[in-house]
Structures are given as C-alpha cells and as structure tokens.
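The block underneath contains the structure these notes are about, expressed in structure tokens.
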Amino acid sequence: MKVIILGAGVIGTASAYFLAKAGHEVTVIERQPGAALETSYGNAGEVSPGYSAPWAGPGVPMKAVKWLMMKHSPLAIRPTFDLNTWRWVTQMLMNCTTARYETNKGRMLRMAEYSRDVLQQLRADTGISYDERTQGTLQLFRNQAQLDGAQADIDILKRYDVPYETLDKAGCLKVEPALKNVQDKFVGALRLPGDETGDCFKFTQNLAKLAEGLGVKFKYGVSIQRLVHEGDKITSVITSEGEMKADTYVLALGSYSPIMLRELGIKIPVYPIKGYSITVPITDAQRAPESTVMDETYKVAITRLGDRIRVGGTAEITGYNLDLRKDRRDTLEFSVTDLFPGGGDVSKAEFWTGLRPMTPDGTPVVGPTPYRNLFLNTGHGTLGWTMACGSGQFIADLVSGKRPAISTEGLFMDRYGSINRPVFVPKE
C-alpha cells in the first residue's frame, strides 16, 4: 500500500519507520530541510511514561493563578482574541476534575508505557543511539506540600503497575549526587526508575536514516497546501511541488494539524502551547545531573544529554507565536543554576522555543477519521518524544488492518463527540 505521511517530526518519522517495516511504500512530506527541525528539535529530552499526566487536574485552576504571580512562573498567558484559544482553555478547565484526571492519566500511561517498550525493542533491533540513558526521572519536591500532594499520582501509578520510589534527601543523593550541594533546596522526591532520557533530534535523524534503508522517501523542503477529497476519501495532497497521491494518508503535523483539517470539516482541539529550552555545555560533570530532574515548583526538566544539559519547560498560551522571550530564559537558567550550580555554562547556552500540540485532556489523537483513508497521529503535547514509537507502531497496525497491541479506548478523535466518529473503527 502507498502511504503519504505529512510531517517529519519524531511522530511522523516514527510512523514512517514502522509503516515501512510493515511492508508499505512510504513517502514523507516535510517543509523543513530535514527531520525534527521544529518541535522535536529542542525538547526536554525525557522519555517519561512514569511522568505522563494531563495538565488538567484537580486544583490546577487555583495553582495557575498562583503560578501567574510567581517571578519564575511556569505559566504565561499572552492576551489574544482568538476564539480557538479560549475554547481550548474552557475545554481544559472542564477536565480539571478527579474523575477525568484519572481517566486521562490512565489513557496516557497506556500509550506511554507501551511506547517505552517499543523504543527499547527498536534499540535492541537496530542499535540506534541518541545520547540515551536509562536511569529514570527524579520528580524533585522543594516543600512538604508538594511531597504530600504526590499521593494522588502514586495511587494511579500503583493501579497501572508503574514502578516508583519515594525518596528522602539521602535517597535523592544516591541517584543524583550533585544535589549534595543544595540539600537545603528540597525535601524529597518521587523517582520513576522506568523512565529514560535522550536527544529527540538525534534519535529522529537516525531513525529517518533507518527508515530510508527500508525504502522510505523523504521529500524535504516541500510545503503542504491542502488535502483533496471526494466523498469520504482523500484523493491527493497538493504541495509546493504539485499534486501527490497515495492509498492512505497519515497526518502528523503537530500543532498545525487542526489548520490542515479545518478545510476537511474536521475539528480537533489541538492547540499550540509554547515551550522553551536551553542547551547548556557541561563544565563540571560532578555538578551536573546524572539523568532527569523535574523541578516540580517551576515545572522545569533538567536532563543530561551526553556532554550537555537540556533544560526545558514553561507553558505559554500565545497562539502560533515563536518569539524568544528573555523572561522565559531567565526561568530556565534560574532552575538549573539553583539546583546544579557550576554544572554548566549558561552563558553559552542555545536558547530555543517550540509549539507543543496539546489536547485539553492530555491524551493524543491517534487513529482513523471520518475519511476512510486518513489517519491522525497528533496532539501529544509535552510527551511526543515519550509516545513517539508507540504511536508509530499503533498507527502502522491500524493502517495495516491489524489489531494494535494496546486498547484503542479513548485514543480516537470520537472522544470529542459523535460528529468525529471515524468511518472505520477496528474491533478491540
């Protein structure tokens, strides 16, 4: 079967690899000159199924008010008159209940845990390298209230048999020795030993090469203009290089997916939440993190990537704006220098921003659509790197007519209403 994939970020590239492995003839269309040059380029570096949780949860609205008043706030809202922004915010607030949080987190954990397993198998099969480490994530709590508040997440981790450890200060120092220099800054942590880290950009670039070895054709520097349809079937995609046709189409355009779908009459609540990162050269390895430390107060992830420290975080609701803001950099620099002073030279850091494709319930939209040969693989938010391999294998199975290895419940677009019911719904 001929398959066209729209987008060569980590999601689109993983989809291409697994579809090609399943025997399909795959072409990937990407406007950038290479793979993973937008949102997949500078993310926090975490493959963190244990930390998979929706932003919408009990108490989040009150926390958001407090965050907005912090000097180093993890959240920023830039005024906009875009109705899509406020519609998305309203939908997210509706998910801030205990029942919806548990449902959404369960769905996210299902995909994230599966994805980590698929990634491990891929690594064993191909030897792919990407500055990977398998030393877990440390969710660091600066005060007792945060530590006490982790119990709700721990209960869900127990329910889904996700390994975890609660650590006191001494326990934290065993896994992150550099924290000995700042023992007065934290009270304890939740450790997720099954989590991994790695450079998403390196991974995607190397995976693209592996995909090419399976026959995948990447058409870089080609912009996508629109999808053409007749009835309930996509017939072609119009690009800057003309019309291209296939039997099946997979849309993996991240935050830009809703724009492309709008002309088809499809509306999915995927919104661009802007995130930032700095990549800092390590100057003293003994003072740098061993794996990933999540600074819970500022919602900043500090990750060891080879001889660099990737510091990623903050959430900015500002539409498709890609301006680099100094106040966001200040927050990232504060977190890493406060917890790992002397570990890296922030004056030489690369500053980056990208748009996370967020759904209001946190779960990605992966699966069929009202068009029988159009599939979606988008809306992964901050967990695109975490869920990429699982989502790629999942979509390859659906396109191939196979039953996926995990339940499809809650992953399709019809969870947003019957109008979005796919034409083809595979049996569980």
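If you're wondering about the labels, chains in the structure tokens are A, B, ... by order shown, residues count from 1 in each chain, ligands from 1 in order shown.
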For this session: Find the residues around Leu140 in chain A up to 9 Å (only C-alpha atoms counted), leave out those fewer than 6 positions away in its own chain, and share them as an NGL selection string.
Result: :A and (146-147 or 172 or 186-191 or 293-297)
Would you mind exporting the chosen residues as a PDB file, in the first residue's frame, restricted to N, CA and C atoms?
ATOM      1  N   GLN A 146       4.206  19.721  48.327  1.00  0.00           N
ATOM      2  CA  GLN A 146       4.357  19.040  47.037  1.00  0.00           C
ATOM      3  C   GLN A 146       4.537  17.536  47.232  1.00  0.00           C
ATOM      4  N   LEU A 147       5.320  17.176  48.226  1.00  0.00           N
ATOM      5  CA  LEU A 147       5.558  15.764  48.503  1.00  0.00           C
ATOM      6  C   LEU A 147       4.262  15.064  48.908  1.00  0.00           C
ATOM      7  N   CYS A 172      17.624  10.743  47.437  1.00  0.00           N
ATOM      8  CA  CYS A 172      17.829  11.599  46.257  1.00  0.00           C
ATOM      9  C   CYS A 172      19.309  11.680  45.888  1.00  0.00           C
ATOM     10  N   PHE A 186      15.448  21.199  48.824  1.00  0.00           N
ATOM     11  CA  PHE A 186      14.400  20.220  48.560  1.00  0.00           C
ATOM     12  C   PHE A 186      14.163  19.347  49.786  1.00  0.00           C
ATOM     13  N   VAL A 187      13.001  18.663  49.804  1.00  0.00           N
ATOM     14  CA  VAL A 187      12.644  17.818  50.946  1.00  0.00           C
ATOM     15  C   VAL A 187      12.566  16.339  50.571  1.00  0.00           C
ATOM     16  N   GLY A 188      12.431  16.031  49.307  1.00  0.00           N
ATOM     17  CA  GLY A 188      12.314  14.644  48.878  1.00  0.00           C
ATOM     18  C   GLY A 188      11.931  14.569  47.419  1.00  0.00           C
ATOM     19  N   ALA A 189      11.604  13.352  46.964  1.00  0.00           N
ATOM     20  CA  ALA A 189      11.308  13.192  45.543  1.00  0.00           C
ATOM     21  C   ALA A 189      10.515  11.918  45.294  1.00  0.00           C
ATOM     22  N   LEU A 190       9.917  11.887  44.127  1.00  0.00           N
ATOM     23  CA  LEU A 190       9.288  10.682  43.584  1.00  0.00           C
ATOM     24  C   LEU A 190      10.161  10.245  42.418  1.00  0.00           C
ATOM     25  N   ARG A 191      10.708   9.033  42.530  1.00  0.00           N
ATOM     26  CA  ARG A 191      11.582   8.540  41.462  1.00  0.00           C
ATOM     27  C   ARG A 191      10.837   7.543  40.600  1.00  0.00           C
ATOM     28  N   VAL A 293      16.021  15.511  36.250  1.00  0.00           N
ATOM     29  CA  VAL A 293      15.422  16.021  37.486  1.00  0.00           C
ATOM     30  C   VAL A 293      14.312  16.979  37.081  1.00  0.00           C
ATOM     31  N   MET A 294      13.097  16.686  37.535  1.00  0.00           N
ATOM     32  CA  MET A 294      11.970  17.569  37.280  1.00  0.00           C
ATOM     33  C   MET A 294      11.791  18.477  38.483  1.00  0.00           C
ATOM     34  N   ASP A 295      12.058  19.750  38.286  1.00  0.00           N
ATOM     35  CA  ASP A 295      11.884  20.754  39.339  1.00  0.00           C
ATOM     36  C   ASP A 295      10.390  21.057  39.435  1.00  0.00           C
ATOM     37  N   GLU A 296       9.722  20.437  40.408  1.00  0.00           N
ATOM     38  CA  GLU A 296       8.269  20.493  40.486  1.00  0.00           C
ATOM     39  C   GLU A 296       7.744  21.908  40.682  1.00  0.00           C
ATOM     40  N   THR A 297       8.465  22.742  41.393  1.00  0.00           N
ATOM     41  CA  THR A 297       7.993  24.103  41.660  1.00  0.00           C
ATOM     42  C   THR A 297       7.851  24.915  40.383  1.00  0.00           C
TER      43      THR A 297
END
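Taking range 259-301 of chain A and asking which residues DSSP calls helix (DSSP H, G or I) on the backbone, you get Ile259, Met260, Leu261, Arg262, Ala285, Gln286 and Arg287 of chain A.
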Any chance you could tabulate, as CSV, the residues of range 248-305 of chain A at most 8 Å from range 193-207 of chain A with each one's nearest atom pair and distance in Å to one decimal, using only C-alpha atoms, in chain and rising number order?
residue,atom,partner,partner_atom,distance
A:Ser291,CA,A:Thr197,CA,6.9
A:Thr292,CA,A:Thr197,CA,7.1
A:Thr303,CA,A:Thr197,CA,7.3
A:Arg304,CA,A:Thr197,CA,7.8
A:Leu305,CA,A:Gly198,CA,6.2
Problem set entry | Spatial neighbours of Asp307 in chain A, 10 Å, only C-alpha atoms, chain gap at least 4 places, as a list in words | Asp131, Val280, Pro281, Ile282, Thr283, Asp284, Ala285, Ala288 and Gly344 of chain A
Just the selected residues (C-alpha atoms), exported as a PDB file, in the first residue's frame, please.
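Ended up saving to out-v9.pdb:
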ATOM      1  CA  ASP A 131      22.729  10.105  23.898  1.00  0.00           C
ATOM      2  CA  VAL A 280      23.972  24.136  28.271  1.00  0.00           C
ATOM      3  CA  PRO A 281      27.518  22.777  27.795  1.00  0.00           C
ATOM      4  CA  ILE A 282      28.692  20.876  30.889  1.00  0.00           C
ATOM      5  CA  THR A 283      31.681  22.430  32.619  1.00  0.00           C
ATOM      6  CA  ASP A 284      31.858  20.158  35.676  1.00  0.00           C
ATOM      7  CA  ALA A 285      30.357  16.672  35.291  1.00  0.00           C
ATOM      8  CA  ALA A 288      25.686  18.097  36.602  1.00  0.00           C
ATOM      9  CA  GLY A 344      27.214  24.049  33.120  1.00  0.00           C
TER      10      GLY A 344
END
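With CA of Lys2 in chain A on one side and CA of Tyr249 in chain A on the other, the separation reads 8.7 Å.
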Problem set entry | d(CA of Asp82 in chain A, CA of Ile5 in chain A) in Å |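 Those two atoms sit 29.0 Å apart.
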For this session: Find the residue from A:Gly362, A:Tyr164, A:Ala388, A:Ala14 that sits nearest to Thr137 in chain A; use only C-alpha atoms when measuring.
Result: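 Of A:Gly362, A:Tyr164, A:Ala388, A:Ala14, the one nearest Thr137 in chain A, counting only C-alpha atoms, is A:Tyr164.
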Problem set entry | For Asp184 in chain A: contacts at 10 Å, only C-alpha atoms, fewer than 3 positions along chain excluded, given as a ChimeraX atom specification | /A:142,169,179-181,187
Saved selection, atoms kept: N, CA and C atoms, as a compact mmCIF listing (two decimals), in the first residue's frame:
# COMPACT_ATOMS: atom_id res chain seq x y z
N ARG A 142 10.35 20.72 46.40
CA ARG A 142 11.04 21.72 47.21
C ARG A 142 10.36 21.95 48.56
N LYS A 169 15.88 12.88 51.40
CA LYS A 169 17.06 13.58 50.88
C LYS A 169 18.19 12.61 50.59
N LEU A 179 23.20 16.86 43.79
CA LEU A 179 22.26 17.60 44.65
C LEU A 179 22.80 17.79 46.07
N LYS A 180 23.93 17.16 46.40
CA LYS A 180 24.52 17.34 47.73
C LYS A 180 24.90 18.80 47.99
N ASN A 181 25.10 19.53 46.93
CA ASN A 181 25.49 20.94 47.07
C ASN A 181 24.31 21.85 47.40
N VAL A 187 13.00 18.66 49.80
CA VAL A 187 12.64 17.82 50.95
C VAL A 187 12.57 16.34 50.57
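Among the candidate residues A:Trp88, A:Tyr298, A:Tyr101, A:Trp385, the one lying nearest to Gly45 in chain A is A:Trp385, with distances computed using only C-alpha atoms.
As for CA of His72 in chain A and CA of Gly343 in chain A, they are spaced 20.5 Å apart.
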Problem set entry | Residues near range 313-318 of chain A, cut-off 7 Å, only C-alpha atoms, skip fewer than 6 positions along chain, as a ChimeraX atom specification | /A:74-78,80,273-277,299-301
Write out, as a short mmCIF file (atom, residue, chain, number, x, y, z; two decimals), in the first residue's frame, the residues just selected, with C-alpha atoms.
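Result went into part20.cif, see below:
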data_model
loop_
_atom_site.label_atom_id
_atom_site.label_comp_id
_atom_site.auth_asym_id
_atom_site.auth_seq_id
_atom_site.Cartn_x
_atom_site.Cartn_y
_atom_site.Cartn_z
CA PRO A 74 5.84 28.01 34.79
CA LEU A 75 2.83 29.54 33.01
CA ALA A 76 2.38 32.64 30.87
CA ILE A 77 -0.76 33.83 29.12
CA ARG A 78 -0.43 36.42 26.37
CA THR A 80 -5.37 37.04 22.38
CA ILE A 273 1.31 25.51 23.83
CA LYS A 274 4.64 27.25 23.54
CA GLY A 275 7.60 25.77 25.39
CA TYR A 276 11.23 26.78 25.75
CA SER A 277 14.57 25.13 26.36
CA LYS A 299 7.78 22.65 36.10
CA VAL A 300 11.26 22.58 34.56
CA ALA A 301 13.01 19.39 33.42
#
Exercise. Using only C-alpha atoms, which residue out of A:Asp117, A:Asp247, A:Glu30, A:Glu46 lies closest to Thr382 in chain A?
Worked result: A:Glu46
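The residue set within 10 Å of Lys71 in chain A, counting only C-alpha atoms and dropping same-chain residues fewer than 5 places from it, reads Asp327, Asp330 and Thr331 of chain A.
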Written selection (C-alpha atoms) as a short mmCIF file (atom, residue, chain, number, x, y, z; two decimals), in the first residue's frame:
data_model
loop_
_atom_site.label_atom_id
_atom_site.label_comp_id
_atom_site.auth_asym_id
_atom_site.auth_seq_id
_atom_site.Cartn_x
_atom_site.Cartn_y
_atom_site.Cartn_z
CA ASP A 327 11.89 36.15 30.88
CA ASP A 330 15.59 33.56 32.95
CA THR A 331 13.28 30.93 34.49
#
For this session: Find the residues around Pro269 in chain A up to 8 Å (only C-alpha atoms counted), leave out those fewer than 2 positions away in its own chain, and share them as a list in words.
Result: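 Residues near the query, excluding close chain neighbours: Trp88, Pro258, Lys267, Tyr271, Met358, Thr359 and Pro360 of chain A.
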Exercise. Looking at only C-alpha atoms, which of A:Val311, A:Met111, A:Ile259, A:Leu138 is the one that sits closest to Arg328 in chain A?
Worked result: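 Of A:Val311, A:Met111, A:Ile259, A:Leu138, the one nearest Arg328 in chain A, counting only C-alpha atoms, is A:Val311.
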